[in-house]
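Since the structure comes first, as C-alpha cells, the remarks are kept for the end.
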Amino acid sequence: MIWWHGRRVDPAHNQFRWYSVILQPTLWASWECWALWGRMGQGPRGRKRVASGTYDEVLHAAWQHRRRKERRGYREKW
C-alpha cells in the first residue's frame with residue numbers, strides 16, 4: 001500500500017519529480033518499506049528497500065524517510 005506520495009516541482013531547474021514510500025507485508029509475517037521515485041508522467045526510475053522488520057519498526061523508518069524527503073522539498077501529493 002502506498003503510505004506516502006510526494007512530489008517536487010521546480011520549473012526553473014526542470015525538476016518535475018515524484019517519490020513514493022510503500023509499506024507491504026512479507027510472506028513471513030514481517031513488513032518491508034520500499035521507496036520508489038521518478039519523473040512525473042513516467043514510471044519508476046529507481047527503487048530501494050528502506051527497512052524490514054516488525055510493523056512498528058518499518059513505520060518508524062518510513063516516517064524518518066518521509067521527513068528527510070520533505071526537508072529536500074518534496075510535498076504530499078494528495
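By convention in this document, the chains of the C-alpha cells carry letters A, B, ... by their order, each chain's residues are numbered from 1, and ligands are numbered from 1 in the order they are shown.
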Residue contacts of segment 32-43 of chain A (8 Å, only C-alpha atoms) excluding same-chain residues fewer than 2 positions away, as a compact mmCIF listing (two decimals) with C-alpha atoms, in the first residue's frame:
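Output file around_19.txt is given in full below:
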# COMPACT_ATOMS: atom_id res chain seq x y z
CA PHE A 16 9.27 17.51 -12.00
CA ARG A 17 9.75 14.53 -9.69
CA TRP A 18 7.64 12.15 -7.63
CA TYR A 19 8.56 9.92 -4.70
CA SER A 20 6.57 7.14 -3.03
CA VAL A 21 7.06 5.30 0.24
CA ILE A 22 5.33 1.92 0.27
CA LEU A 23 4.65 -0.40 3.22
CA GLN A 24 3.89 -4.03 2.48
CA PRO A 25 3.71 -7.30 4.40
CA THR A 26 6.04 -10.16 3.50
CA SER A 30 7.11 -9.22 8.79
CA ARG A 45 13.26 5.12 -12.42
CA GLY A 46 14.54 3.67 -9.18
CA ARG A 47 13.58 1.78 -6.07
CA LYS A 48 15.18 0.63 -2.86
CA ARG A 49 14.22 -1.20 0.29
CA VAL A 50 14.37 1.25 3.17
CA ALA A 51 13.65 -1.12 6.07
CA SER A 52 12.28 -4.51 7.06
CA GLY A 53 11.10 -5.93 10.37
CA VAL A 58 9.07 -0.22 9.47
CA LEU A 59 6.59 2.57 10.22
CA ALA A 61 11.71 4.10 9.27
CA ALA A 62 9.01 5.30 6.84
Practice problem: Write down as a ChimeraX atom specification the residues of segment 4-62 of chain A whose backbone DSSP state falls under alpha helix (DSSP H). | Solution: /A:55-62
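For Arg75 of chain A, the non-local neighbours within 10 Å, defined as residues at least 4 positions apart in the same chain or in other chains and counting only C-alpha atoms, are Trp4, His5, Gly6, Arg7, Arg8, Val9, Trp18, Tyr19, Arg66, Lys69, Glu70 and Arg71 of chain A.
Ranking A:Trp31, A:Asp10, A:Ile2, A:Pro44 by their shortest atom-to-atom distance to His60 of chain A, with only C-alpha atoms included, puts A:Trp31 first.
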Quiz prompt | Expected answer as a PyMOL selection string: strand (DSSP E) residues in chain A | solution = chain A and resi 2-10+15-25+31-39+46-53+75-76
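For the atom pair formed by atom CA of Asp56 of chain A and atom CA of Glu76 of chain A, the distance is 21.9 Å, given to one decimal.
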